[in-house]
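Asks: Below are the structure tokens for one structure; questions will follow.
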Amino acid sequence: MGKASRSKRERSRDKDGQWTVAAAARAAHRLREQTQQCLSGNRWVQMMLASNMNNVITELYAVLLNSDLADMADKPEDIERDAALSMTLGKQGHRPPWPRTAGEAAAWQIRQIQTLLRQAEVLVISPAAHAAVMAAAATLEPADVITLDRDRDILMPTGLLVLPEPIVVVNRTGSLSDTRAFGWQFITQHQILPTAQYPGVRVTTFMDRDGPVQPAEWRQAVSQARASGNPLPPLMPDGMYGMRGDACLAEETTETLADLSEHHRQIQRALTQASQWRAEPVPETGEWGGGRVDDPYDDFVSRYMFACWRLLAQGVTAVGPSRAASKVRTAATDSVPRDGPCPRGVDTCSCRYAASVRVADCCS
């Protein structure tokens, strides 16, 4: 039976009501342990993260070269490069000076992920709760998550949320990711436009190594890594996002939030244009029938996590300890009340106007 068929069978079990906290907790605990074992000294993971980081920095740098930074009086040398690094690594919690190479940045990310897996409280989410969070996330605008107050909205400072099934996400270049887990850590963000520090949350996404998205290149990489004695972890780190967590614009008007949402889309459209050199047709996923999430503005992760945190904090879902594995919790709900509050809030930007894009010191 192929991977897609197995996923399909597991999904049908969920629909039949056979998803259980105990089984999910055991699986989550096992995934964390296996991922920890595979991460240490794994050059394949570091190479993949370095490649992702290099693409992100290169494309953001190209966009910033056409922004208002070029018009600054007494512009510091290579301010565009520093800005790109602050908008990525700085938002993820890395303080200056920045790493000199993508490989160094990837090594730092791996250390943060190892800390996350070692310290995180593990949560599993039922299929019903997951569906409720997906529905809530779909109602959010990019600027909405700026209302995040991490001390009020997030129940624990470090967590790992394992999903009941992967979310297949269509990225800006057409590539697919099958996201199986989200991890988060409280951090301090470091920005240079202007120089400032903010309370924030670093969110790490994990792909399902054996999930429904199995292009030939991925299968080859998995095989080569295993043959080298450094197998890829079952929860494969995919990306890091920095979210501001001090509710800095929670009192802004609806019009201001709508304006910021459009500015977020503006810079994301510019980044999509800069990444066209690596764009590809959206591949098929065999028998996978779970649907896809289009993410052209690269904000699905922020919207999903914000909706999840808010729903947990508001008591719409029930959070309690699991007996199946130590330090594993479960979130379960049948539905979101129709008259309940709609979660609002993506870390957005305090922006400067530019000729072609707006430069953000805190873009999500």
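Letters A, B, ... go to the chains of the structure tokens in the order shown; residues in each chain start at 1; ligands are counted from 1 in the same order.
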As a PyMOL selection string, list the residues of region 71-222 of chain A assigned to strand (DSSP E or B) by DSSP on the backbone atoms of this structure.
Replies: chain A and resi 121-125+149+158-170+176-192+195-208
Asks: For the residues in the current selection, export N, CA and C atoms as a compact mmCIF listing (two decimals), in the first residue's frame.
Replies:
# COMPACT_ATOMS: atom_id res chain seq x y z
N GLU A 121 6.22 21.40 25.40
CA GLU A 121 5.08 20.60 25.83
C GLU A 121 4.38 20.15 24.55
N VAL A 122 4.12 18.86 24.42
CA VAL A 122 3.56 18.30 23.20
C VAL A 122 2.04 18.28 23.29
N LEU A 123 1.40 18.75 22.23
CA LEU A 123 -0.05 18.73 22.13
C LEU A 123 -0.46 17.97 20.88
N VAL A 124 -1.59 17.25 20.99
CA VAL A 124 -2.22 16.68 19.81
C VAL A 124 -3.58 17.34 19.67
N ILE A 125 -4.08 17.40 18.46
CA ILE A 125 -5.34 18.07 18.19
C ILE A 125 -6.26 17.11 17.45
N ASP A 149 -1.27 38.80 21.51
CA ASP A 149 -0.65 39.08 22.81
C ASP A 149 -0.19 37.72 23.34
N THR A 158 6.52 27.31 25.16
CA THR A 158 7.17 26.42 24.21
C THR A 158 6.25 25.23 23.97
N GLY A 159 5.92 24.98 22.71
CA GLY A 159 4.98 23.90 22.43
C GLY A 159 5.23 23.26 21.08
N LEU A 160 4.77 22.02 20.95
CA LEU A 160 4.82 21.28 19.70
C LEU A 160 3.44 20.71 19.45
N LEU A 161 2.77 21.18 18.42
CA LEU A 161 1.42 20.74 18.07
C LEU A 161 1.50 19.76 16.91
N VAL A 162 1.10 18.52 17.14
CA VAL A 162 1.11 17.48 16.11
C VAL A 162 -0.30 17.32 15.57
N LEU A 163 -0.45 17.43 14.27
CA LEU A 163 -1.76 17.41 13.62
C LEU A 163 -2.23 15.98 13.39
N PRO A 164 -3.55 15.79 13.23
CA PRO A 164 -4.06 14.45 12.97
C PRO A 164 -3.74 13.95 11.57
N GLU A 165 -3.47 14.84 10.65
CA GLU A 165 -3.06 14.49 9.29
C GLU A 165 -2.33 15.69 8.70
N PRO A 166 -1.51 15.47 7.68
CA PRO A 166 -0.77 16.60 7.11
C PRO A 166 -1.70 17.59 6.40
N ILE A 167 -1.29 18.85 6.45
CA ILE A 167 -1.93 19.90 5.63
C ILE A 167 -1.07 20.08 4.39
N VAL A 168 -1.66 19.88 3.23
CA VAL A 168 -0.93 20.07 1.98
C VAL A 168 -1.04 21.53 1.57
N VAL A 169 0.10 22.22 1.58
CA VAL A 169 0.15 23.66 1.32
C VAL A 169 0.83 23.91 -0.01
N VAL A 170 0.20 24.74 -0.85
CA VAL A 170 0.80 25.16 -2.12
C VAL A 170 1.56 26.46 -1.86
N LEU A 176 4.85 21.96 -3.16
CA LEU A 176 3.93 21.52 -2.12
C LEU A 176 4.68 21.16 -0.85
N SER A 177 4.07 21.47 0.27
CA SER A 177 4.56 21.04 1.58
C SER A 177 3.44 20.29 2.28
N ASP A 178 3.77 19.17 2.91
CA ASP A 178 2.76 18.47 3.72
C ASP A 178 3.11 18.68 5.19
N THR A 179 2.53 19.73 5.76
CA THR A 179 2.85 20.14 7.12
C THR A 179 2.16 19.23 8.12
N ARG A 180 2.96 18.64 9.02
CA ARG A 180 2.42 17.70 10.00
C ARG A 180 2.45 18.25 11.42
N ALA A 181 3.30 19.23 11.69
CA ALA A 181 3.40 19.75 13.05
C ALA A 181 3.89 21.18 13.03
N PHE A 182 3.54 21.90 14.10
CA PHE A 182 4.01 23.27 14.33
C PHE A 182 4.64 23.33 15.71
N GLY A 183 5.81 23.97 15.80
CA GLY A 183 6.42 24.22 17.09
C GLY A 183 6.57 25.70 17.32
N TRP A 184 6.53 26.14 18.58
CA TRP A 184 6.71 27.56 18.86
C TRP A 184 7.53 27.77 20.12
N GLN A 185 8.21 28.92 20.14
CA GLN A 185 9.06 29.32 21.27
C GLN A 185 8.94 30.82 21.46
N PHE A 186 8.85 31.28 22.69
CA PHE A 186 8.89 32.71 22.97
C PHE A 186 10.32 33.21 22.75
N ILE A 187 10.44 34.35 22.09
CA ILE A 187 11.75 34.91 21.76
C ILE A 187 11.69 36.43 21.89
N THR A 188 12.85 37.06 21.69
CA THR A 188 12.94 38.51 21.50
C THR A 188 13.35 38.76 20.06
N GLN A 189 12.55 39.53 19.34
CA GLN A 189 12.87 39.86 17.95
C GLN A 189 13.83 41.05 17.91
N HIS A 190 14.72 41.05 16.92
CA HIS A 190 15.72 42.10 16.75
C HIS A 190 15.58 42.71 15.36
N GLN A 191 15.26 44.00 15.30
CA GLN A 191 15.03 44.69 14.05
C GLN A 191 15.99 45.88 13.90
N ILE A 192 16.17 46.34 12.66
CA ILE A 192 17.06 47.47 12.43
C ILE A 192 16.36 48.65 11.76
N THR A 195 16.09 50.38 14.76
CA THR A 195 16.68 49.44 15.71
C THR A 195 15.74 49.29 16.90
N ALA A 196 15.32 48.07 17.15
CA ALA A 196 14.34 47.85 18.23
C ALA A 196 14.31 46.37 18.58
N GLN A 197 13.75 46.08 19.75
CA GLN A 197 13.52 44.72 20.18
C GLN A 197 12.06 44.57 20.58
N TYR A 198 11.47 43.43 20.22
CA TYR A 198 10.06 43.20 20.51
C TYR A 198 9.87 41.80 21.09
N PRO A 199 8.91 41.64 21.98
CA PRO A 199 8.51 40.28 22.38
C PRO A 199 7.91 39.57 21.16
N GLY A 200 8.32 38.35 20.93
CA GLY A 200 7.83 37.64 19.77
C GLY A 200 7.70 36.15 20.00
N VAL A 201 7.25 35.46 18.96
CA VAL A 201 7.11 34.01 18.97
C VAL A 201 7.73 33.47 17.69
N ARG A 202 8.60 32.50 17.83
CA ARG A 202 9.17 31.83 16.66
C ARG A 202 8.38 30.55 16.41
N VAL A 203 7.84 30.44 15.19
CA VAL A 203 7.07 29.25 14.80
C VAL A 203 7.88 28.45 13.78
N THR A 204 8.06 27.17 14.06
CA THR A 204 8.76 26.26 13.15
C THR A 204 7.75 25.28 12.57
N THR A 205 7.76 25.12 11.26
CA THR A 205 6.89 24.15 10.61
C THR A 205 7.68 22.88 10.32
N PHE A 206 6.99 21.75 10.44
CA PHE A 206 7.60 20.45 10.19
C PHE A 206 6.80 19.71 9.13
N MET A 207 7.48 19.27 8.08
CA MET A 207 6.86 18.45 7.06
C MET A 207 6.83 16.99 7.50
N ASP A 208 5.92 16.24 6.91
CA ASP A 208 5.84 14.80 7.12
C ASP A 208 6.76 14.11 6.12
Asks: Please identify which residues in region 105-265 of chain A DSSP calls alpha helix (DSSP H) from the backbone, and express them as a PyMOL selection string.
Replies: chain A and resi 105-119+127-138+150-153+216-227+254-265
Asks: Which residues are close to region 34-47 of chain A, i.e. within 10 Å by only C-alpha atoms, leaving aside same-chain residues fewer than 6 positions away? Reply as a ChimeraX atom specification.
Replies: /A:28,53,102-111,113-118,221-222,224-226,228-238
Asks: Could you state the separation of CA of Ala83 (chain A) and CA of Thr147 (chain A) in Å, given to one decimal place?
Replies: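 Taking CA of Ala83 (chain A) and CA of Thr147 (chain A), their separation equals 23.8 Å.
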Asks: Just give me the gap between CA of Gly90 (chain A) and CA of Ala62 (chain A) in Å, one decimal is fine.
Replies: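 Spanning CA of Gly90 (chain A) to CA of Ala62 (chain A) is a straight-line distance of 18.2 Å.
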Asks: Rounded to one decimal, what separation in Å do you get between CA of Asp144 (chain A) and CA of Ala307 (chain A)?
Replies: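 If I compute the distance from CA of Asp144 (chain A) to CA of Ala307 (chain A), I get 10.3 Å.
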